[in-house]
Structure formats: C-alpha cells, structure tokens
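Notes follow once the structure below has been shown.
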Protein chains: 2
Amino acid sequence: MNTGNTGLRAEIQQERPFGSLEQEVFLNLMRTAAALEHAFEDGLAPYGVTATQYNVLRILRGAGDGGLCRNEVNARMIAPVPDATRLLDRLEARGYVERHREADDRRFVRARISDAGLDLLERMERPVAELHEAHLGHLSASELRHLNTLLERARAAPG
Amino acid sequence: MNTGNTGLRAEIQQERPFGSLEQEVFLNLMRTAAALEHAFEDGLAPYGVTATQYNVLRILRGAGDGGLCRNEVNARMIAPVPDATRLLDRLEARGYVERHREADDRRFVRARISDAGLDLLERMERPVAELHEAHLGHLSASELRHLNTLLERARAAPG
DNA sequence: TGACAATATGTGTGATAACACGTAATATTC
DNA sequence: GAATATTACGTGTTATCACACATATTGTCA
C-alpha cells in the first residue's frame with residue numbers, strides 16, 4: 001500500500017502538479033476576452049477608432065483640461081503599449097488630441113483631448129453602451145458583480 | 001412629484017440606459033486578460049514562441065498524425081487570425097510543423113506537428129503549468145470553477 | 001464537356017506593434 | 001558648478017496583423 005500511496009503521490013506531484021483548473025480558467029479567459037474584444041472592435045469600426053484609441057480618448061477626457069503626459073496615459077491604459085508616442089501621434093493627426101510641450105519642465109509633452117475628440121466620444125456613448133448591453137446583458141446583475149469580483153481577484157496575483 | 005418621477009425615469013432610461021455594470025465587467029475582463037496574457041508571453045519568451053504559436057502547436061498535437069488543414073487550425077484557435085498561412089509558414093520555417101499538399105483534394109494543405117515541435121511542447125509542459133499556477137494559484141478551486149462558469153456564460157451571448 | 005460557383009489557400013500592401021537605442025531636459029552629487 | 005544619473009520622449013527597424021484581392025482545385029449543372 002505504501003507503494004501505491006507513493007505512486008499516487010508521485011502522480012499528484014508530477015503528472016498533474018497543479019491540476020488543469022488554472023489552465024482551463026486561463027484558456028477560458030483568453031477566449032472570452034478575445035470574443036468580446038473582437039465584437040467590440042467591430043462595433044467601434046464605423047467610428048474609425050480602435051478599442052485602444054477609444055480607451056485613450058476616454059482617459060484624456062477623464063483627465064480634464066489639465067491633460068496628461070505620455071507616460072501618465074500609458075499607466076492608465078487597459079493594456080499599456082510600448083509605443084504610446086505614435087499612438088498619440090495618430091490621434092493628433094486625426095484632430096482628436098492636441099499636444100504641446102510643457103513650459104515648466106520641457107521634458108513633458110501634455111496631451112489633451114480636443115473638441116472634436118469630445119464630440120466623437122459623445123456621439124459614441126450611446127452606441128458603446130448598447131454594445132456592452134448586447135454582449136453582456138444576458139448575465140444577471142448578480143452574475144456581473146460576481147464576475148467583477150473574481151476578475152479583480154484573479155488579477156491580484158501574488159508577486 | 002410627477003415631474004420628479006418623470007425626470008428620474010428619463011434619467012434611468014436615457015442617462016444610464018443599461019447601467020455601467022456591463023461596461024465595468026468588460027473593462028475588468030480586458031484588463032485581467034491583458035495582464036495574464038502579458039505575463040504568459042513573458043514566460044513563453046525563453047522558448048522562442050508566442051502564445052499564438054504555442055496555441056497552434058497544442059492544437060496540432062491534439063489533432064494527431066492526421067494533422068489539420070489551415071482552416072481547421074484557425075477554427076480551433078483561441079483567437080482566430082486572418083493570416084493563418086504565414087503563421088504556419090513561420091512555424092514550418094522553424095521546423096516545428098510539416099506541411100504537404102493533400103493528394104486526394106489538392107486544395108488542402110495538411111499541417112502536422114513535427115518531432116521537434118512535440119519535443120518543444122514536452123519541454124514546455126511543466127514550466128507552462130507553473131506559470132498558470134503562479135498567476136492563478138491564489139484562487140481557490142471553488143473560485144476557479146465559478147470563474148470558469150461565469151466566463152462561459154459571458155461568452156454565450158445571444159445572437 | 002464547358003461555363004460557373006464554391007472551397008481552400010496564397011500574396012501584396014499598408015498600418016501597427018514590439019524592441020532596442022538615441023536625444024533632450026532636469027535633478028543630484030560631490 | 002561640472003560630471004553623472006534620471007526622467008520623458010522620440011526614432012529606426014523588424015516582424016507581424018489585417019484587409020482585400022488573386023490563384024488553384026474541385027463540384028455542379030445545363
């Protein structure tokens with residue numbers, strides 16, 4: 001029996017050391033996020049902005065008149081990108097963002113959302129809400145809250 | 001009071017027609033998925049493959065000797081890509097995948113995982129399990145199961 | 001059998017992402 | 001106050017993605 005027990009323990013420790021539950025959650029999370037993101041991008045396409053660009057505009061609107069410098073924008077993004085400069089370049093080229101170098105500390109370039117950007121966000125507000133409703137509205141409020149809690153806990157990995 | 005009530009209803013119907021709970025879940029999901037994917041990519045980097053490539057190799061291993069044609073691979077991916085051809089090109093160039101055109105129906109190109117690909121997956125198995133454990137192991141089994149259920153339900157959007 | 005449609009894959013192109021490195025401005029230290 | 005470090009941003013380059021279009025093979029129907 002000792003042998004059997006040892007074999008079992010070996011199997012537990014070596015064959016399935018962590019169980020595949022974590023992997024299942026990982027795959028499920030990637031799949032669900034990819035599906036929702038893709039659907040969201042499709043909904044945003046008519047407005048000519050990507051989800052990332054929309055995210056940046058929302059961040060800049062939230063920052064108000066003061067605006068934000070490049071690194072501050074990046075820090076607040078859903079998924080920080082290593083190339084925030086050219087992301088802001090593109091938004092500036094389309095007239096949604098204005099930039100000017102700070103007089104106090106000339107290293108900073110402050111980015112602010114333009115009137116055109118604010119107008120775009122306003123026009124998108126309702127359609128975006130409808131997108132989210134269409135994609136997640138079949139879950140109950142209780143399920144949504146529970147999902148939020150679990151996702152936050154998942155993100156709070158130790159170390 | 002009627003006016004007040006009407007105002008409230010108008011606010012409920014127009015200002016916050018769907019509540020922001022769905023949006024909160026969406027943002028949370030994107031954030032958590034991005035963080036986990038980034039951490040996963042970092043863990044995979046030493047092996048020289050991206051998460052997408054790893055996913056394809058797993059799919060091809062699962063398909064066995066028969067292999068799969070391009071569209072079948074794409075259909076099974078976590079996030080289908082529009083350019084599966086060159087994704088498989090790159091894996092073939094590295095020797096992890098072998099392809100040959102089907103004799104029966106010469107439109108098909110069957111992709112199979114090579115011995116080198118199988119070897120790579122075997123070497124990665126343990127480290128990958130440890131990655132998932134490190135990223136999600138702080139959740140209880142019950143939480144993980146619950147999360148799986150909710151994610152599956154979220155993905156099952158109507159229409 | 002010959003025209004046409006359907007299927008499966010390949011290719012060309014421009015936009016974007018990721019990474020490393022370069023530059024300018026400010027802070028710090030001695 | 002001069003050398004060095006730090007901070008914030010920009011640039012160059014390569015690989016990759018995404019989209020539309022092209023090619024090749026097979027099936028269908030008159």
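In the structure tokens, chains take letters A, B, ... by order of appearance, with residues numbered from 1 within each chain and ligands from 1 in the order shown.
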Long-range neighbours of Leu36 (chain A) as a ChimeraX atom specification, 12 Å cut-off, only C-alpha atoms (C1' of nucleotides), 4 positions minimum in chain: /A:29-32,40-43,51,131-136 /B:22-23,25-30,33,79,151-152,154-157
Output C-alpha atoms for every residue in the selection just made, as a PDB file, in the first residue's frame.
ATOM      1  CA  LEU A  29     -10.429  33.962 -20.030  1.00  0.00           C
ATOM      2  CA  MET A  30      -8.443  34.389 -23.251  1.00  0.00           C
ATOM      3  CA  ARG A  31     -11.278  33.013 -25.325  1.00  0.00           C
ATOM      4  CA  THR A  32     -13.948  35.182 -23.729  1.00  0.00           C
ATOM      5  CA  PHE A  40     -16.332  45.485 -29.523  1.00  0.00           C
ATOM      6  CA  GLU A  41     -13.848  46.411 -32.256  1.00  0.00           C
ATOM      7  CA  ASP A  42     -16.471  45.600 -34.852  1.00  0.00           C
ATOM      8  CA  GLY A  43     -18.904  47.912 -33.122  1.00  0.00           C
ATOM      9  CA  ALA A  51     -10.542  49.960 -28.934  1.00  0.00           C
ATOM     10  CA  LEU A 131     -22.715  47.179 -27.479  1.00  0.00           C
ATOM     11  CA  HIS A 132     -21.924  46.233 -23.923  1.00  0.00           C
ATOM     12  CA  GLU A 133     -25.554  45.571 -23.240  1.00  0.00           C
ATOM     13  CA  ALA A 134     -25.765  43.316 -26.286  1.00  0.00           C
ATOM     14  CA  HIS A 135     -22.640  41.400 -25.319  1.00  0.00           C
ATOM     15  CA  LEU A 136     -23.125  41.040 -21.585  1.00  0.00           C
TER      16      LEU A 136
ATOM     17  CA  GLU B  22     -21.673  45.607 -18.162  1.00  0.00           C
ATOM     18  CA  GLN B  23     -19.033  48.152 -19.038  1.00  0.00           C
ATOM     19  CA  VAL B  25     -17.174  43.820 -16.476  1.00  0.00           C
ATOM     20  CA  PHE B  26     -15.897  44.481 -19.970  1.00  0.00           C
ATOM     21  CA  LEU B  27     -13.070  46.685 -18.731  1.00  0.00           C
ATOM     22  CA  ASN B  28     -12.235  44.295 -15.952  1.00  0.00           C
ATOM     23  CA  LEU B  29     -12.150  41.396 -18.352  1.00  0.00           C
ATOM     24  CA  MET B  30      -9.873  43.230 -20.792  1.00  0.00           C
ATOM     25  CA  ALA B  33      -6.871  39.134 -19.765  1.00  0.00           C
ATOM     26  CA  ALA B  79      -8.455  33.921 -31.239  1.00  0.00           C
ATOM     27  CA  LEU B 151     -16.774  33.186 -18.328  1.00  0.00           C
ATOM     28  CA  GLU B 152     -18.516  30.528 -20.347  1.00  0.00           C
ATOM     29  CA  ALA B 154     -20.432  35.569 -20.678  1.00  0.00           C
ATOM     30  CA  ARG B 155     -19.173  34.167 -23.952  1.00  0.00           C
ATOM     31  CA  ALA B 156     -22.556  32.672 -24.789  1.00  0.00           C
ATOM     32  CA  ALA B 157     -24.027  35.976 -25.892  1.00  0.00           C
TER      33      ALA B 157
END
Check: which chain D residues lie within 10 Å of chain A using only C-alpha atoms (C1' of nucleotides), as a list in words: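 For chain D, the answer reads DT7, DA8, DC9 and DG10 of chain D.
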Taking C-alpha atoms (C1' of nucleotides) for each residue, export the selection above as an mmCIF file, in the first residue's frame.
data_model
loop_
_atom_site.group_PDB
_atom_site.id
_atom_site.type_symbol
_atom_site.label_atom_id
_atom_site.label_comp_id
_atom_site.auth_asym_id
_atom_site.auth_seq_id
_atom_site.Cartn_x
_atom_site.Cartn_y
_atom_site.Cartn_z
ATOM 1 C "C1'" DT D 7 13.330 61.182 -16.400
ATOM 2 C "C1'" DA D 8 10.455 61.739 -20.515
ATOM 3 C "C1'" DC D 9 10.078 61.334 -25.005
ATOM 4 C "C1'" DG D 10 11.265 60.298 -29.908
#
Would you list, as a list in words, the residues of chain B that end up in strand (DSSP E or B) under DSSP run on this structure's backbone?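 Here are the strand (DSSP E or B) residues of chain B: Leu68, Cys69, Val97, Glu98, Arg99, His100, Arg101, Val109, Arg110, Ala111, Arg112 and Ile113 of chain B.
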Selected residues written out with N, CA and C atoms, as a compact mmCIF listing (two decimals), in the first residue's frame:
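Contents of selection_11.txt, as written:
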# COMPACT_ATOMS: atom_id res chain seq x y z
N LEU B 68 -4.02 18.80 -39.56
CA LEU B 68 -5.18 19.63 -39.85
C LEU B 68 -4.86 20.56 -41.00
N CYS B 69 -5.87 20.94 -41.74
CA CYS B 69 -5.64 21.93 -42.78
C CYS B 69 -5.77 23.32 -42.16
N VAL B 97 6.68 22.44 -37.57
CA VAL B 97 5.50 21.97 -38.31
C VAL B 97 5.93 21.48 -39.69
N GLU B 98 5.26 20.43 -40.15
CA GLU B 98 5.49 19.95 -41.52
C GLU B 98 4.20 20.08 -42.30
N ARG B 99 4.31 20.44 -43.58
CA ARG B 99 3.11 20.57 -44.40
C ARG B 99 3.29 19.82 -45.71
N HIS B 100 2.22 19.30 -46.17
CA HIS B 100 2.25 18.74 -47.53
C HIS B 100 0.85 18.80 -48.11
N ARG B 101 0.81 19.01 -49.39
CA ARG B 101 -0.48 19.15 -50.06
C ARG B 101 -1.15 17.79 -50.18
N VAL B 109 -3.94 21.83 -47.72
CA VAL B 109 -2.57 21.66 -47.27
C VAL B 109 -2.63 21.21 -45.81
N ARG B 110 -2.19 20.00 -45.61
CA ARG B 110 -2.29 19.43 -44.27
C ARG B 110 -1.07 19.78 -43.45
N ALA B 111 -1.30 20.32 -42.26
CA ALA B 111 -0.19 20.67 -41.37
C ALA B 111 -0.13 19.68 -40.22
N ARG B 112 1.08 19.18 -39.96
CA ARG B 112 1.28 18.25 -38.85
C ARG B 112 2.40 18.77 -37.97
N ILE B 113 2.32 18.48 -36.68
CA ILE B 113 3.40 18.87 -35.79
C ILE B 113 4.57 17.93 -36.00
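The interatomic distance for the pair CA of Leu120 (chain B) and CA of Val73 (chain B) works out to 18.8 Å.
Residue nearest chain B within the list C:DT23, C:DT7, C:DT28, C:DT16: C:DT7 [criterion: smallest interatomic distance, only C-alpha atoms (C1' of nucleotides)].
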What are the closest atom pairs, with distances in Å to one decimal, for all residues of chain C lying within 9 Å of chain B? Consider only C-alpha atoms (C1' of nucleotides), order rows by chain and residue number, and present the result as a tab-separated table.
residue	atom	partner	partner_atom	distance
C:DT7	C1'	B:Arg107	CA	7.9
C:DA8	C1'	B:Arg107	CA	5.3
C:DT9	C1'	B:Arg107	CA	7.0
C:DG10	C1'	B:Thr85	CA	7.6
Write the selection just made, keeping C-alpha atoms (C1' of nucleotides), as a compact mmCIF listing (two decimals), in the first residue's frame?
# COMPACT_ATOMS: atom_id res chain seq x y z
C1' DT C 7 -13.80 25.91 -51.47
C1' DA C 8 -9.00 26.30 -49.75
C1' DT C 9 -5.10 28.58 -49.79
C1' DG C 10 -1.64 32.12 -51.18
